[in-house]
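J.: Here you go, one structure.
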Amino acid sequence: MPGPTFLDGETVSLATIEEDDVAFVHETVNDPAVREGLSFARPQSERAEREWIESVGDPDSDDVHFLICVDGDPVGVIGLNRVAPTTGAGELGYYLTPDAWGNGYATDAARTIVDYAFAELRLHRVHALAFDDNEASRRVLEKVGFEHEGVMREHWFRNGEYEDVHVYGLLAPDWE
């Protein structure tokens, strides 16, 4: 059960992640279709997800994560990782359940959290990474206004081979 809504987008709300959300997060990140777009190769245990949820709820954490909700039900997770106030930068990451793909939810959630990053957290730059074959994620970033900054060639080992990873960036002045 999602926590209280913290941010509202046009079609989604971004809610705090609570202990009751462990089962949803655990099931979603281990879904083979979802895991294909994520940057870890090992199964995630329920205990590991519980510890992750506790860590992102820590007020001293540099990360900010939310459940992406539609009509009060969770459909994914979005967050800013490694938020660095000294450099004014953070890394955007997100995933949705396969049933939620293709509805514009990731785009709306990304716009909402990017606006929060620039307006509330006073970041100067948000960047994101996407696997070469994850065209849907790359489209989300481009729709939100991210610029394709380059390719890290053969940067990630996945599915038995090295794969290129695309780097996208968005600066606060470009958002305004």
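We label chains A, B, ... in the order they appear in the structure tokens, count residues from 1 in each chain, and number ligands from 1 in the order shown.
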Name the residues in contact with A:Ser137 at a cut-off of 12 Å, using only C-alpha atoms, excluding same-chain residues fewer than 6 positions from it; report them as an MDAnalysis selection string.

T.: chainID A and resid 34 36:38 92:96 101:102 104:107 110 128:131 143:144 146 165:168

J.: Using only C-alpha atoms, determine which residues lie at most 7 Å from stretch 14-27 of chain A, disregarding the query and same-chain residues fewer than 2 positions distant; provide the list as a VMD selection string.

T.: chain A and resid 1 to 8 12 29 to 31 44 to 46 49 to 50 53 66 to 69

J.: Could you save the residues just selected, with N, CA and C atoms, as a tab-separated table (two decimals), in the first residue's frame?

T.:
```
chain	number	residue	atom	x	y	z
A	1	MET	N	0.84	-1.18	0.00
A	1	MET	CA	0.00	0.00	0.00
A	1	MET	C	0.88	1.24	0.00
A	2	PRO	N	0.79	2.05	-1.04
A	2	PRO	CA	1.65	3.23	-1.11
A	2	PRO	C	1.44	4.17	0.07
A	3	GLY	N	2.50	4.90	0.38
A	3	GLY	CA	2.40	5.93	1.41
A	3	GLY	C	1.68	7.14	0.85
A	4	PRO	N	1.77	8.25	1.54
A	4	PRO	CA	1.08	9.45	1.07
A	4	PRO	C	1.68	9.97	-0.24
A	5	THR	N	0.83	10.60	-1.02
A	5	THR	CA	1.27	11.23	-2.26
A	5	THR	C	2.15	12.41	-1.91
A	6	PHE	N	3.31	12.48	-2.54
A	6	PHE	CA	4.24	13.57	-2.32
A	6	PHE	C	4.23	14.55	-3.49
A	7	LEU	N	4.07	14.02	-4.70
A	7	LEU	CA	4.04	14.85	-5.91
A	7	LEU	C	2.94	14.35	-6.84
A	8	ASP	N	2.29	15.27	-7.53
A	8	ASP	CA	1.27	14.90	-8.51
A	8	ASP	C	1.74	15.26	-9.90
A	12	VAL	N	-0.11	10.49	-13.12
A	12	VAL	CA	0.43	9.67	-12.03
A	12	VAL	C	0.60	10.51	-10.78
A	29	VAL	N	10.90	-5.96	-9.50
A	29	VAL	CA	12.30	-5.94	-9.94
A	29	VAL	C	12.79	-7.32	-10.37
A	30	ASN	N	12.13	-8.37	-9.91
A	30	ASN	CA	12.52	-9.71	-10.32
A	30	ASN	C	11.76	-10.22	-11.54
A	31	ASP	N	10.79	-9.46	-12.01
A	31	ASP	CA	10.06	-9.83	-13.23
A	31	ASP	C	11.07	-9.82	-14.39
A	44	GLN	N	16.97	-10.35	-6.69
A	44	GLN	CA	16.88	-9.50	-5.50
A	44	GLN	C	15.96	-10.18	-4.49
A	45	SER	N	16.46	-10.40	-3.30
A	45	SER	CA	15.67	-11.07	-2.27
A	45	SER	C	14.68	-10.10	-1.63
A	46	GLU	N	13.68	-10.65	-0.99
A	46	GLU	CA	12.73	-9.80	-0.26
A	46	GLU	C	13.45	-9.02	0.83
A	49	GLU	N	15.23	-6.07	-0.68
A	49	GLU	CA	14.30	-5.00	-1.04
A	49	GLU	C	13.82	-4.27	0.20
A	50	ARG	N	13.59	-5.00	1.28
A	50	ARG	CA	13.19	-4.36	2.54
A	50	ARG	C	14.30	-3.42	3.02
A	53	ILE	N	14.35	-0.31	0.85
A	53	ILE	CA	13.26	0.61	1.21
A	53	ILE	C	13.59	1.35	2.49
A	66	PHE	N	10.34	7.24	-5.17
A	66	PHE	CA	8.90	7.24	-5.02
A	66	PHE	C	8.28	6.05	-5.74
A	67	LEU	N	7.12	5.65	-5.26
A	67	LEU	CA	6.28	4.75	-6.03
A	67	LEU	C	5.55	5.57	-7.07
A	68	ILE	N	5.49	5.07	-8.28
A	68	ILE	CA	4.66	5.68	-9.31
A	68	ILE	C	3.29	5.03	-9.17
A	69	CYS	N	2.26	5.84	-8.94
A	69	CYS	CA	0.92	5.31	-8.71
A	69	CYS	C	-0.07	5.86	-9.73
```

J.: So which residues of stretch 47-158 of chain A fall under alpha helix (DSSP H) by DSSP, listed as a ChimeraX atom specification?

T.: /A:47-56,105-119,135-144

J.: Could you go through stretch 6-135 of chain A and tell me which residues DSSP, when run on the backbone, assigns to strand (DSSP E or B), listing them as a PyMOL selection string?

T.: chain A and resi 6-8+13-15+64-70+73-84+89-96+125-131

J.: Pick out the residues sitting within 7 Å of A:Thr97, and hand them over as number ranges by chain; count only C-alpha atoms, and ignore anything fewer than 5 positions along from it in its own chain.

T.: A: 28, 34, 75-76

J.: Store the residues picked out above, limited to N, CA and C atoms, as a short mmCIF file (atom, residue, chain, number, x, y, z; two decimals), in the first residue's frame.

T.:
```cif
data_model
loop_
_atom_site.label_atom_id
_atom_site.label_comp_id
_atom_site.auth_asym_id
_atom_site.auth_seq_id
_atom_site.Cartn_x
_atom_site.Cartn_y
_atom_site.Cartn_z
N THR A 28 8.28 -6.89 -8.68
CA THR A 28 8.49 -6.12 -9.91
C THR A 28 9.93 -6.18 -10.38
N VAL A 34 10.96 -6.73 -16.64
CA VAL A 34 11.41 -5.49 -16.00
C VAL A 34 12.92 -5.54 -15.81
N VAL A 75 2.45 1.25 -9.86
CA VAL A 75 2.76 0.68 -11.17
C VAL A 75 4.26 0.72 -11.45
N GLY A 76 5.04 1.30 -10.53
CA GLY A 76 6.48 1.37 -10.74
C GLY A 76 7.17 2.17 -9.67
#
```

J.: Taking only C-alpha atoms into account, which of A:Arg138, A:His124, A:Asp132, A:Trp52 comes nearest A:Arg153?

T.: A:Asp132

J.: Just the number, please: distance in Å from atom CA of A:Glu135 to atom CA of A:Asp73, one decimal.

T.: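 Atom-to-atom, atom CA of A:Glu135 and atom CA of A:Asp73 are spaced 25.8 Å apart.
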
J.: For a quick check of understanding, using only C-alpha atoms, which of A:Pro74, A:Pro32, A:Asp133, A:Leu80 has the smallest distance to A:Thr112?

T.: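 Selected residue with least distance to A:Thr112: A:Leu80.
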
J.: Calculate how many Å separate atom CA of A:Ala100 from atom CA of A:Val77, rounding to one decimal.

T.: 11.7 Å

J.: Which one is closest to A:Ala109: A:Val70, A:Pro173, A:Asp62, A:Glu51? Count only C-alpha atoms.

T.: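 Among the listed residues, A:Val70 lies closest to A:Ala109.
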
J.: Quick one: residues within 10 Å of A:Phe40, only C-alpha atoms counted, chain neighbours fewer than 5 positions away excluded, as a count of residues only?

T.: 5
